[in-house]
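Engineer: File follows, entry02.csv with CSV, C-alpha atoms:
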```csv
chain,number,residue,atom,x,y,z
A,1,MET,CA,35.1,-16.3,3.6
A,2,ALA,CA,31.4,-16.0,3.1
A,3,GLY,CA,31.2,-13.9,6.2
A,4,ARG,CA,33.8,-11.5,4.9
A,5,ARG,CA,32.1,-11.1,1.6
A,6,GLU,CA,28.8,-10.3,3.2
A,7,ASP,CA,30.3,-7.9,5.6
A,8,SER,CA,32.1,-6.0,2.9
A,9,HIS,CA,28.9,-5.9,0.8
A,10,PHE,CA,27.1,-4.5,3.8
A,11,ALA,CA,29.7,-1.8,4.5
A,12,LEU,CA,29.5,-0.7,0.9
A,13,THR,CA,25.8,0.1,1.3
A,14,ASP,CA,26.4,2.5,4.2
A,15,MET,CA,29.3,4.1,2.2
A,16,HIS,CA,27.0,4.5,-0.8
A,17,LEU,CA,24.4,6.1,1.5
A,18,SER,CA,26.8,8.7,2.9
A,19,CYS,CA,27.7,9.7,-0.7
A,20,ALA,CA,24.2,9.9,-1.9
A,21,THR,CA,22.3,11.9,0.7
A,22,GLY,CA,22.8,15.3,-0.8
A,23,ALA,CA,19.7,17.5,-1.0
A,24,PRO,CA,18.8,21.2,-1.1
A,25,ASN,CA,20.3,22.9,2.0
A,26,GLY,CA,22.0,19.7,2.9
A,27,CYS,CA,18.8,18.2,4.4
A,28,VAL,CA,17.0,15.0,3.9
A,29,ARG,CA,13.4,15.2,5.1
A,30,ALA,CA,11.2,12.2,6.0
A,31,SER,CA,7.5,12.5,5.1
A,32,ALA,CA,4.7,12.4,7.6
A,33,GLY,CA,4.3,9.1,9.4
A,34,PRO,CA,2.0,6.4,8.0
A,35,ARG,CA,-1.0,4.9,9.7
A,36,PHE,CA,1.1,2.1,11.2
A,37,GLY,CA,2.7,3.1,14.4
A,38,LEU,CA,5.4,0.5,14.2
A,39,TRP,CA,7.2,2.7,11.7
A,40,ASP,CA,6.2,6.1,13.1
A,41,ALA,CA,9.4,6.6,15.2
A,42,ASP,CA,11.6,6.6,12.1
A,43,ARG,CA,9.4,8.8,9.9
A,44,SER,CA,8.9,12.1,11.6
A,45,ARG,CA,12.4,13.5,11.7
A,46,SER,CA,14.4,16.0,9.6
A,47,VAL,CA,18.1,15.1,9.5
A,48,THR,CA,21.0,17.4,8.3
A,49,ARG,CA,23.9,16.0,6.4
A,50,GLY,CA,26.2,16.8,9.3
A,51,GLN,CA,23.9,14.9,11.6
A,52,LEU,CA,23.9,11.9,9.2
A,53,MET,CA,27.7,11.7,9.4
A,54,ALA,CA,27.7,12.0,13.2
A,55,VAL,CA,25.1,9.2,13.4
A,56,ALA,CA,27.4,7.1,11.2
A,57,LYS,CA,30.3,7.7,13.5
A,58,LYS,CA,28.5,7.3,16.9
A,59,LYS,CA,26.0,4.5,15.8
A,60,PRO,CA,23.5,5.1,18.5
A,61,ALA,CA,20.7,2.6,19.1
A,62,ALA,CA,17.7,3.1,16.9
A,63,PRO,CA,14.7,4.5,18.6
A,64,PRO,CA,12.3,1.9,20.0
A,65,ALA,CA,9.4,1.0,17.7
A,66,GLU,CA,5.9,2.0,18.6
A,67,PRO,CA,3.3,-0.8,18.5
A,68,ALA,CA,1.6,-1.2,15.2
A,69,LYS,CA,-1.8,0.3,14.7
A,70,PRO,CA,-3.6,-2.0,12.2
A,71,LYS,CA,-7.1,-1.6,11.2
A,72,PRO,CA,-9.7,-2.9,13.7
A,73,ALA,CA,-10.2,-6.6,13.4
A,74,SER,CA,-13.8,-6.1,12.4
A,75,SER,CA,-12.7,-4.2,9.2
A,76,VAL,CA,-10.4,-7.1,8.1
A,77,PRO,CA,-12.3,-9.9,6.2
A,78,ASP,CA,-12.4,-13.2,8.0
A,79,LEU,CA,-10.5,-16.0,6.4
A,80,GLY,CA,-12.8,-18.8,7.6
A,81,LYS,CA,-11.7,-21.9,9.4
A,82,GLU,CA,-10.1,-23.8,6.5
A,83,ARG,CA,-8.2,-20.9,5.1
A,84,GLU,CA,-7.0,-19.7,8.4
A,85,LEU,CA,-5.6,-23.2,9.3
A,86,LYS,CA,-4.0,-23.3,5.8
A,87,ALA,CA,-2.4,-19.9,6.4
A,88,PHE,CA,-1.1,-21.1,9.8
A,89,ARG,CA,0.4,-24.2,8.3
A,90,GLU,CA,2.1,-22.4,5.4
A,91,MET,CA,3.5,-19.6,7.5
A,92,LEU,CA,4.8,-22.2,10.0
A,93,LEU,CA,6.5,-24.2,7.2
A,94,ILE,CA,8.4,-21.1,6.2
A,95,ARG,CA,9.3,-20.2,9.8
A,96,ARG,CA,10.6,-23.7,10.7
A,97,PHE,CA,12.4,-24.0,7.3
A,98,GLU,CA,14.2,-20.8,7.9
A,99,GLU,CA,15.1,-21.6,11.5
A,100,LYS,CA,16.6,-24.9,10.2
A,101,ALA,CA,18.5,-23.1,7.4
A,102,GLY,CA,20.0,-20.7,9.9
A,103,GLN,CA,21.1,-23.6,12.1
A,104,MET,CA,22.7,-25.4,9.1
A,105,TYR,CA,24.4,-22.2,8.1
A,106,GLY,CA,25.9,-21.9,11.5
A,107,MET,CA,27.1,-25.5,11.2
A,108,GLY,CA,28.9,-24.7,7.9
A,109,LEU,CA,26.5,-26.8,5.8
A,110,ILE,CA,25.3,-23.7,3.9
A,111,GLY,CA,27.8,-21.3,2.5
A,112,GLY,CA,27.8,-17.9,0.8
A,113,PHE,CA,24.8,-15.5,1.3
A,114,CYS,CA,21.7,-16.5,3.3
A,115,HIS,CA,18.9,-14.1,3.9
A,116,LEU,CA,16.1,-15.4,6.2
A,117,TYR,CA,12.4,-14.5,5.9
A,118,ILE,CA,11.5,-15.0,9.6
A,119,GLY,CA,8.9,-12.4,10.6
A,120,GLN,CA,7.6,-11.6,7.1
A,121,GLU,CA,5.7,-14.9,6.4
A,122,ALA,CA,2.3,-13.3,6.2
A,123,VAL,CA,3.2,-11.2,3.2
A,124,VAL,CA,3.8,-14.0,0.7
A,125,VAL,CA,1.3,-16.4,2.2
A,126,GLY,CA,-1.4,-13.8,2.0
A,127,MET,CA,-0.6,-12.8,-1.5
A,128,GLN,CA,-0.6,-16.5,-2.7
A,129,MET,CA,-4.1,-16.7,-1.4
A,130,ALA,CA,-5.1,-13.8,-3.7
A,131,ILE,CA,-3.9,-15.2,-7.0
A,132,LYS,CA,-4.8,-18.0,-9.4
A,133,GLU,CA,-3.0,-20.8,-11.3
A,134,GLY,CA,-0.8,-19.2,-14.0
A,135,ASP,CA,0.0,-16.0,-12.2
A,136,GLN,CA,3.8,-15.5,-11.8
A,137,VAL,CA,6.0,-14.7,-8.8
A,138,ILE,CA,9.4,-13.1,-8.8
A,139,THR,CA,11.4,-11.6,-6.0
A,140,GLY,CA,14.9,-10.7,-4.7
A,141,TYR,CA,17.3,-12.6,-2.6
A,142,ARG,CA,15.2,-13.1,0.6
A,143,ASP,CA,13.4,-15.7,-1.3
A,144,HIS,CA,13.1,-19.1,0.5
A,145,GLY,CA,9.6,-18.2,1.8
A,146,HIS,CA,8.3,-17.3,-1.6
A,147,MET,CA,9.6,-20.6,-3.0
A,148,LEU,CA,7.8,-22.6,-0.3
A,149,ALA,CA,4.6,-20.6,-0.6
A,150,CYS,CA,4.6,-21.3,-4.3
A,151,GLY,CA,4.6,-25.0,-3.6
A,152,MET,CA,8.2,-25.8,-4.3
A,153,ASP,CA,9.5,-29.0,-2.6
A,154,PRO,CA,11.4,-28.2,0.7
A,155,LYS,CA,13.9,-30.9,-0.1
A,156,GLY,CA,14.8,-29.3,-3.4
A,157,VAL,CA,15.1,-25.9,-1.9
A,158,MET,CA,17.2,-27.0,1.1
A,159,ALA,CA,19.4,-29.1,-1.3
A,160,GLU,CA,20.1,-26.0,-3.3
A,161,LEU,CA,21.1,-24.2,-0.2
A,162,THR,CA,23.7,-26.9,0.6
A,163,GLY,CA,24.9,-27.0,-3.1
A,164,ARG,CA,23.7,-30.5,-3.9
A,165,ARG,CA,22.8,-32.3,-7.1
A,166,ASN,CA,19.1,-32.4,-6.6
A,167,GLY,CA,18.7,-28.7,-5.7
A,168,TYR,CA,16.4,-26.6,-7.9
A,169,SER,CA,19.5,-25.2,-9.7
A,170,LYS,CA,21.4,-28.5,-9.6
A,171,GLY,CA,23.5,-27.1,-6.7
A,172,LYS,CA,25.0,-24.3,-8.7
A,173,GLY,CA,22.7,-21.4,-7.8
A,174,GLY,CA,22.5,-21.4,-4.0
A,175,SER,CA,20.2,-19.4,-1.8
A,176,MET,CA,19.6,-16.5,-4.1
A,177,HIS,CA,19.1,-18.3,-7.5
A,178,MET,CA,16.4,-20.8,-7.7
A,179,PHE,CA,13.6,-21.1,-10.2
A,180,SER,CA,10.6,-23.3,-11.0
A,181,VAL,CA,8.7,-22.8,-14.2
A,182,ALA,CA,6.2,-25.5,-13.1
A,183,ARG,CA,5.4,-23.4,-10.0
A,184,ASN,CA,5.5,-20.1,-11.9
A,185,PHE,CA,8.4,-18.9,-9.7
A,186,TYR,CA,11.0,-16.9,-11.6
A,187,GLY,CA,13.6,-16.3,-8.9
A,188,GLY,CA,15.5,-15.5,-6.6
A,189,HIS,CA,17.8,-12.7,-7.8
A,190,GLY,CA,21.0,-11.5,-6.2
A,191,ILE,CA,21.2,-8.0,-7.7
A,192,VAL,CA,19.2,-5.4,-5.8
A,193,ALA,CA,16.0,-4.5,-7.7
A,194,ALA,CA,17.0,-6.6,-10.8
A,195,GLN,CA,13.8,-8.6,-10.5
A,196,VAL,CA,11.6,-5.5,-10.8
A,197,SER,CA,12.3,-5.0,-14.5
A,198,LEU,CA,12.1,-8.8,-15.1
A,199,GLY,CA,8.7,-8.9,-13.3
A,200,THR,CA,7.6,-6.1,-15.5
A,201,GLY,CA,8.7,-8.1,-18.5
A,202,LEU,CA,6.6,-11.1,-17.3
A,203,ALA,CA,3.6,-8.8,-17.2
A,204,PHE,CA,4.5,-7.5,-20.8
A,205,ALA,CA,4.6,-11.1,-22.0
A,206,ASN,CA,1.1,-11.7,-20.4
A,207,ARG,CA,-0.3,-8.7,-22.3
A,208,TYR,CA,1.4,-9.7,-25.5
A,209,ARG,CA,0.0,-13.2,-25.3
A,210,LYS,CA,-3.4,-11.8,-24.3
A,211,ASN,CA,-3.8,-14.1,-21.3
A,212,ASP,CA,-5.2,-13.0,-18.0
A,213,ASN,CA,-2.2,-13.7,-15.8
A,214,VAL,CA,-0.7,-11.3,-13.4
A,215,SER,CA,2.9,-10.8,-12.3
A,216,LEU,CA,3.6,-10.4,-8.6
A,217,THR,CA,6.8,-8.5,-8.4
A,218,TYR,CA,8.3,-8.3,-4.9
A,219,PHE,CA,11.1,-6.0,-3.8
A,220,GLY,CA,12.2,-4.4,-0.5
A,221,ASP,CA,12.3,-0.9,0.9
A,222,GLY,CA,16.1,-0.7,0.1
A,223,ALA,CA,15.5,-1.7,-3.6
A,224,ALA,CA,12.8,1.0,-3.9
A,225,ASN,CA,15.4,3.7,-4.6
A,226,GLN,CA,16.9,2.0,-7.6
A,227,GLY,CA,16.4,3.7,-11.0
A,228,GLN,CA,15.2,0.6,-12.8
A,229,VAL,CA,12.2,0.5,-10.5
A,230,TYR,CA,11.0,3.8,-11.9
A,231,GLU,CA,11.7,2.9,-15.5
A,232,SER,CA,9.6,-0.2,-14.9
A,233,PHE,CA,6.8,1.9,-13.3
A,234,ASN,CA,6.7,4.2,-16.3
A,235,MET,CA,6.6,1.3,-18.8
A,236,ALA,CA,4.0,-0.6,-16.8
A,237,GLU,CA,1.6,2.3,-16.6
A,238,LEU,CA,2.2,3.5,-20.1
A,239,TRP,CA,1.3,0.0,-21.5
A,240,LYS,CA,-1.2,-0.9,-18.7
A,241,LEU,CA,0.7,-4.0,-17.8
A,242,PRO,CA,-0.8,-6.6,-15.4
A,243,VAL,CA,1.7,-6.3,-12.6
A,244,VAL,CA,1.4,-5.9,-8.8
A,245,TYR,CA,4.5,-4.3,-7.3
A,246,ILE,CA,4.8,-5.5,-3.7
A,247,VAL,CA,7.2,-3.5,-1.5
A,248,GLU,CA,8.2,-5.6,1.5
A,249,ASN,CA,9.1,-2.7,3.9
A,250,ASN,CA,10.9,-4.4,6.8
A,251,ARG,CA,12.1,-1.0,7.8
A,252,TYR,CA,15.9,-1.5,7.7
A,253,ALA,CA,16.8,-2.6,4.1
A,254,MET,CA,20.4,-3.9,4.4
A,255,GLY,CA,20.9,-2.2,7.8
A,256,THR,CA,19.9,1.5,7.3
A,257,SER,CA,16.5,2.7,8.5
A,258,VAL,CA,14.2,4.1,5.8
A,259,SER,CA,14.3,7.6,7.3
A,260,ARG,CA,18.0,7.8,6.7
A,261,ALA,CA,17.9,6.4,3.2
A,262,SER,CA,14.6,7.6,1.6
A,263,ALA,CA,13.3,11.1,1.2
A,264,GLN,CA,9.8,9.8,0.6
A,265,THR,CA,9.2,7.0,3.1
A,266,ASP,CA,5.6,6.2,2.1
A,267,PHE,CA,6.5,3.6,-0.6
A,268,SER,CA,2.8,3.2,-1.6
A,269,LYS,CA,3.1,6.7,-3.1
A,270,ARG,CA,6.2,6.0,-5.2
A,271,GLY,CA,4.1,5.5,-8.3
A,272,ALA,CA,2.2,8.8,-7.9
A,273,SER,CA,4.0,10.6,-10.7
A,274,PHE,CA,3.1,7.7,-13.0
A,275,ASP,CA,-0.6,7.7,-11.9
A,276,ILE,CA,-0.1,4.2,-10.4
A,277,PRO,CA,-2.4,3.6,-7.4
A,278,GLY,CA,-1.0,2.2,-4.2
A,279,GLU,CA,-1.8,1.5,-0.6
A,280,GLN,CA,-0.2,0.6,2.7
A,281,VAL,CA,-1.0,-2.8,4.2
A,282,ASP,CA,-0.4,-4.4,7.6
A,283,GLY,CA,2.0,-7.0,6.4
A,284,MET,CA,1.9,-8.8,9.8
A,285,ASP,CA,-1.7,-9.7,9.4
A,286,VAL,CA,-2.3,-12.4,6.7
A,287,ARG,CA,-6.0,-11.4,6.5
A,288,ALA,CA,-5.2,-7.8,5.6
A,289,VAL,CA,-2.6,-9.0,3.0
A,290,LYS,CA,-5.0,-11.3,1.3
A,291,ALA,CA,-7.7,-8.6,1.1
A,292,ALA,CA,-5.4,-6.0,-0.3
A,293,GLY,CA,-3.9,-8.6,-2.7
A,294,GLU,CA,-7.3,-9.4,-4.1
A,295,ARG,CA,-8.0,-5.7,-4.7
A,296,ALA,CA,-4.7,-5.2,-6.4
A,297,VAL,CA,-4.7,-8.4,-8.5
A,298,LYS,CA,-8.3,-7.6,-9.7
A,299,TRP,CA,-7.2,-4.1,-10.7
A,300,ALA,CA,-4.3,-5.5,-12.8
A,301,ARG,CA,-6.2,-8.4,-14.2
A,302,GLU,CA,-9.0,-6.2,-15.5
A,303,GLY,CA,-6.5,-4.2,-17.7
A,304,ASN,CA,-6.2,-1.2,-15.5
A,305,GLY,CA,-2.4,-1.4,-15.3
A,306,PRO,CA,0.0,-1.8,-12.3
A,307,TYR,CA,-0.8,-1.4,-8.6
A,308,ILE,CA,1.6,-0.9,-5.7
A,309,LEU,CA,1.2,-2.6,-2.3
A,310,GLU,CA,3.5,-1.5,0.5
A,311,MET,CA,3.6,-4.3,3.1
A,312,MET,CA,4.5,-2.9,6.5
A,313,THR,CA,6.4,-5.9,7.9
A,314,TYR,CA,9.5,-6.7,10.0
A,315,ARG,CA,12.4,-9.1,9.8
A,316,TYR,CA,13.5,-10.6,13.1
A,317,ARG,CA,17.0,-11.6,12.0
A,318,GLY,CA,19.7,-9.5,10.5
A,319,HIS,CA,19.8,-8.6,6.8
A,320,SER,CA,21.8,-11.7,6.2
A,321,MET,CA,23.4,-14.3,8.4
A,322,SER,CA,26.5,-12.2,8.9
A,323,ASP,CA,24.6,-9.1,10.1
A,324,PRO,CA,24.6,-8.6,13.8
A,325,ALA,CA,21.8,-6.0,13.4
A,326,LYS,CA,23.3,-3.5,15.9
A,327,TYR,CA,21.3,-0.7,14.3
A,328,ARG,CA,18.2,-1.7,16.4
A,329,THR,CA,17.6,-2.8,20.0
A,330,ARG,CA,16.7,-6.2,21.2
A,331,GLU,CA,13.7,-4.7,23.0
A,332,GLU,CA,12.4,-3.4,19.7
A,333,VAL,CA,12.6,-6.9,18.1
A,334,GLU,CA,11.1,-8.6,21.1
A,335,LYS,CA,8.2,-6.1,21.2
A,336,VAL,CA,7.3,-6.9,17.6
A,337,ARG,CA,7.6,-10.6,18.3
A,338,THR,CA,5.3,-10.4,21.3
A,339,GLU,CA,2.7,-8.0,19.9
A,340,HIS,CA,2.6,-8.5,16.1
A,341,ASP,CA,4.0,-11.9,15.2
A,342,PRO,CA,2.0,-13.1,12.1
A,343,ILE,CA,1.9,-16.7,13.1
A,344,GLU,CA,1.0,-16.1,16.7
A,345,GLN,CA,-1.9,-13.8,15.6
A,346,VAL,CA,-3.4,-16.7,13.7
A,347,ARG,CA,-2.8,-19.1,16.5
A,348,ALA,CA,-4.5,-16.9,19.0
A,349,ARG,CA,-7.5,-16.2,16.8
A,350,MET,CA,-8.1,-19.9,16.1
A,351,LEU,CA,-7.8,-20.8,19.8
A,352,ALA,CA,-10.1,-17.9,20.9
A,353,SER,CA,-12.7,-18.8,18.2
A,354,LYS,CA,-12.4,-22.6,19.0
A,355,ARG,CA,-11.7,-23.2,15.3
A,356,ALA,CA,-8.7,-25.3,16.4
A,357,SER,CA,-7.5,-26.8,19.7
A,358,GLU,CA,-4.1,-26.6,21.1
A,359,GLU,CA,-3.7,-30.3,20.3
A,360,ILE,CA,-4.5,-29.7,16.6
A,361,LEU,CA,-2.0,-26.9,16.3
A,362,LYS,CA,0.7,-28.9,18.1
A,363,ALA,CA,0.1,-31.7,15.6
A,364,VAL,CA,0.5,-29.3,12.7
A,365,ASP,CA,3.8,-28.1,14.2
A,366,ALA,CA,5.0,-31.6,14.6
A,367,GLU,CA,4.1,-32.4,11.0
A,368,ILE,CA,5.9,-29.3,9.7
A,369,ARG,CA,9.0,-30.1,11.8
A,370,LYS,CA,9.1,-33.6,10.3
A,371,ILE,CA,9.0,-32.2,6.8
A,372,VAL,CA,11.8,-29.7,7.5
A,373,ASN,CA,13.9,-32.3,9.3
A,374,GLU,CA,13.5,-34.7,6.3
A,375,ALA,CA,14.5,-31.8,3.9
A,376,ALA,CA,17.6,-31.1,6.0
A,377,GLU,CA,18.6,-34.8,6.1
A,378,PHE,CA,18.1,-35.0,2.3
A,379,ALA,CA,20.2,-31.9,1.7
A,380,THR,CA,23.0,-33.1,3.9
A,381,HIS,CA,23.4,-36.5,2.2
A,382,ASP,CA,22.5,-35.7,-1.4
A,383,PRO,CA,25.6,-36.0,-3.6
A,384,GLU,CA,27.4,-32.8,-4.8
A,385,PRO,CA,27.1,-32.0,-8.5
A,386,ASP,CA,29.4,-33.8,-10.9
A,387,PRO,CA,32.3,-31.7,-12.0
A,388,ALA,CA,31.0,-32.0,-15.6
A,389,GLU,CA,28.1,-29.7,-14.5
A,390,LEU,CA,30.5,-26.8,-14.6
A,391,TRP,CA,30.0,-26.9,-18.4
A,392,THR,CA,26.2,-27.2,-18.5
A,393,ASP,CA,23.6,-24.4,-18.5
A,394,ILE,CA,26.0,-21.8,-19.8
A,395,THR,CA,26.4,-20.0,-23.1
A,396,ARG,CA,29.7,-20.4,-24.8
```
Taking this structure as input, can you express it in the form of structure tokens?
Structural biologist:
Amino acid sequence: MAGRREDSHFALTDMHLSCATGAPNGCVRASAGPRFGLWDADRSRSVTRGQLMAVAKKKPAAPPAEPAKPKPASSVPDLGKERELKAFREMLLIRRFEEKAGQMYGMGLIGGFCHLYIGQEAVVVGMQMAIKEGDQVITGYRDHGHMLACGMDPKGVMAELTGRRNGYSKGKGGSMHMFSVARNFYGGHGIVAAQVSLGTGLAFANRYRKNDNVSLTYFGDGAANQGQVYESFNMAELWKLPVVYIVENNRYAMGTSVSRASAQTDFSKRGASFDIPGEQVDGMDVRAVKAAGERAVKWAREGNGPYILEMMTYRYRGHSMSDPAKYRTREEVEKVRTEHDPIEQVRARMLASKRASEEILKAVDAEIRKIVNEAAEFATHDPEPDPAELWTDITR
């Protein structure tokens, strides 16, 4: 049942695309390619409306991605031994947790929607390294990684995925709806782009209360075309709200490449008409993410208004667990895994610099696997919510 719901939701997205691609002369033009070659292949084409329909019918394989061209290593600030090991551990926790969640979904222990964050770990881990206590985080439905990076208990997160009593939403929210005020995490939202206006509201509250907190508001390339995003941009710049908008561009949204869905594919420029500055970041390099995050957060915290960070990243799995991801080739995915994996980059640097030995990194992996296995065990045996919970946490 869950699979059918997800598939129909996925199909509606492509149908909406085919109805909304009208443009002068029936043409949708992609902007010039960015500095990151991983996305270049999809951003240098001009596609007619007729061609779009033909593509929808024939469904050819997506062109293979070119290797990313990040800034030279010397231009990216070094994290230092302790921070690099910390980043490795936190990204690995997200990776192992998501792998286990995918396994449990396949076993029928997790139902409904489930969107995995595998491949994008450097984005949220790097951004968390750039903020202070009191800053808020809000995101969409690919949210498990953000919860863990904010310090939420893996047992509580996994228990919510299985719909158990001690989950963060008492087993009633599921994958897309978890919150923790104690960890300044405000969801987890199932409606595309809904969190953007809410994250802007968090920033408004910060300004109203005259504190120096900043709202990190995450959304994807697919959500970037929603109207409420631009209403939020306008309000945030008009009132100089302390918010950093983080576009996690994993290139395919819900299954449609950015060149087929967006006229302006450089999302860092989406705030140009509002005078909001932005930049593109190698979202597969945790060092680059942290450095860009520090610049953006400083800008917002000092009262200059919003800032946009486009994180050039990549998801290894389908949009959700029911998505076979036939819009791209296995070779493309494997190329990114081999050449740009965020965790393997850190592992390789630490081994090359002798900041950590293979034995130390294996020990970290073993520790993380133990934590994740304990979370899975807890989430499997924790009681389901009492039926009386149907009447709590609602407005009558």
Engineer: Which residues are close to A:Asn250, i.e. within 8 Å by only C-alpha atoms, leaving aside same-chain residues fewer than 4 positions away? Reply as an MDAnalysis selection string.
Structural biologist: chainID A and resid 120 220:221 312:315
Engineer: Quick one: everything within 8 Å of A:Glu121, counting only C-alpha atoms, minus sequence neighbours fewer than 5 positions away in the same chain. Send it as a short mmCIF file (atom, residue, chain, number, x, y, z; two decimals) with C-alpha atoms, in the frame of the given file.
Structural biologist:
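Printed below is part20.cif as written:
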```cif
data_model
loop_
_atom_site.label_atom_id
_atom_site.label_comp_id
_atom_site.auth_asym_id
_atom_site.auth_seq_id
_atom_site.Cartn_x
_atom_site.Cartn_y
_atom_site.Cartn_z
CA MET A 91 3.50 -19.60 7.50
CA ILE A 94 8.40 -21.10 6.20
CA ARG A 95 9.30 -20.20 9.80
CA GLY A 145 9.60 -18.20 1.80
CA MET A 284 1.90 -8.80 9.80
CA PRO A 342 2.00 -13.10 12.10
CA ILE A 343 1.90 -16.70 13.10
#
```
Engineer: Wanna dump the stretch 255-328 of chain A-stretch 233-239 of chain A contacts at 7 Å for me, each residue with its shortest atom pair and the distance in Å to one decimal, counting only C-alpha atoms, ordered by chain and number, as a Markdown table?
Structural biologist:
```
| residue | atom | partner | partner_atom | distance |
| --- | --- | --- | --- | --- |
| A:Gly271 | CA | A:Phe233 | CA | 6.7 |
| A:Phe274 | CA | A:Asn234 | CA | 6.0 |
| A:Ile276 | CA | A:Glu237 | CA | 6.7 |
| A:Gly305 | CA | A:Glu237 | CA | 5.6 |
| A:Pro306 | CA | A:Ala236 | CA | 6.1 |
```
Engineer: Which of these, A:Ala325, A:Val137, A:Phe219, A:Ala193, has the shortest distance to A:Phe179 once you count only C-alpha atoms?
Structural biologist: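 Checking each candidate against A:Phe179, we get A:Val137 as the closest.
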Engineer: Near A:Met147, counting only C-alpha atoms, which residues have an atom at most 10 Å away, once you skip same-chain residues fewer than 2 positions from it, shown as a ChimeraX atom specification?
Structural biologist: /A:94,124,137-139,143-145,149-154,157,178-180,183-188
Engineer: May I ask which of the residues A:Glu367, A:Leu116, A:Tyr327, A:Glu374 is the closest one to A:Arg260, counting only C-alpha atoms?
Structural biologist: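 Smallest distance to A:Arg260 is found for A:Tyr327.
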Engineer: Compare A:Val297, A:Ala223, A:Leu361, A:Leu92 by their minimum atom-to-atom distance to A:Met254, counting only C-alpha atoms, and give me the closest one.
Structural biologist: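 The shortest atom-to-atom distance to A:Met254 comes from A:Ala223.
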Engineer: Report, in Å to a single decimal, how far apart atom CA of A:Gly106 and atom CA of A:Ser175 are.
Structural biologist: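 Interatomic distance, atom CA of A:Ser175 to atom CA of A:Gly106: 14.7 Å.
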Engineer: Determine the nearest neighbour of A:Lys172 from the options A:Ala348, A:Gly111, A:Asp266, A:Glu334, counting only C-alpha atoms.
Structural biologist: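 The closest residue to A:Lys172 is A:Gly111.
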Engineer: As a list in words, please: the residues near A:Arg96 (cut-off 9 Å, only C-alpha atoms, same-chain neighbours under 3 positions excluded).
Structural biologist: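 Final neighbour list, sorted by chain and number: Met91, Leu92, Leu93, Glu99, Lys100, Ala101, Ile118, Asp365, Ile368, Arg369 and Val372 of chain A.
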Engineer: Take the residues from that selection and write them out as a PDB file, in the coordinates of the input, keeping C-alpha atoms.
Structural biologist:
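Saved as again14.pdb:
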```
ATOM      1  CA  MET A  91       3.500 -19.600   7.500  1.00  0.00           C
ATOM      2  CA  LEU A  92       4.800 -22.200  10.000  1.00  0.00           C
ATOM      3  CA  LEU A  93       6.500 -24.200   7.200  1.00  0.00           C
ATOM      4  CA  GLU A  99      15.100 -21.600  11.500  1.00  0.00           C
ATOM      5  CA  LYS A 100      16.600 -24.900  10.200  1.00  0.00           C
ATOM      6  CA  ALA A 101      18.500 -23.100   7.400  1.00  0.00           C
ATOM      7  CA  ILE A 118      11.500 -15.000   9.600  1.00  0.00           C
ATOM      8  CA  ASP A 365       3.800 -28.100  14.200  1.00  0.00           C
ATOM      9  CA  ILE A 368       5.900 -29.300   9.700  1.00  0.00           C
ATOM     10  CA  ARG A 369       9.000 -30.100  11.800  1.00  0.00           C
ATOM     11  CA  VAL A 372      11.800 -29.700   7.500  1.00  0.00           C
TER      12      VAL A 372
END
```
Engineer: Residues near A:Tyr307, anyone? I mean within 7 Å using only C-alpha atoms, not counting same-chain ones fewer than 2 positions away, as a CSV table (one decimal) with C-alpha atoms, in the frame of the given file.
Structural biologist:
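Written out: out_24.csv:
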```csv
chain,number,residue,atom,x,y,z
A,243,VAL,CA,1.7,-6.3,-12.6
A,244,VAL,CA,1.4,-5.9,-8.8
A,245,TYR,CA,4.5,-4.3,-7.3
A,276,ILE,CA,-0.1,4.2,-10.4
A,277,PRO,CA,-2.4,3.6,-7.4
A,278,GLY,CA,-1.0,2.2,-4.2
A,296,ALA,CA,-4.7,-5.2,-6.4
A,300,ALA,CA,-4.3,-5.5,-12.8
A,305,GLY,CA,-2.4,-1.4,-15.3
A,309,LEU,CA,1.2,-2.6,-2.3
```
Engineer: Up to 9 Å from (17.5, -4.4, 8.1) in the file's coordinates: name the residues, counting only C-alpha atoms, as a ChimeraX atom specification.
Structural biologist: /A:222,250-257,314-320,323,325,327-328
Engineer: Can you work out which one of A:Thr162, A:Ala376, A:Ala291, A:Lys370 has the shortest atom-to-atom distance to A:Ser75, counting all atoms listed in the file?
Structural biologist: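 Smallest distance to A:Ser75 is found for A:Ala291.
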Engineer: Select, from A:Gln226, A:Gln280, A:Asn206, A:Gln103, the residue with the minimum atom-to-atom distance to A:Asn249, counting all atoms listed in the file.
Structural biologist: A:Gln280
Engineer: Distance atom CA of A:Ala352-atom CA of A:Glu84, one decimal place?
Structural biologist: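 Computed distance, atom CA of A:Ala352 to atom CA of A:Glu84, equals 13.0 Å.
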Engineer: What does the structure give for the distance between atom CA of A:Glu248 and atom CA of A:Tyr141, in Å to one decimal?
Structural biologist: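 Between atom CA of A:Glu248 and atom CA of A:Tyr141 the gap is 12.2 Å.
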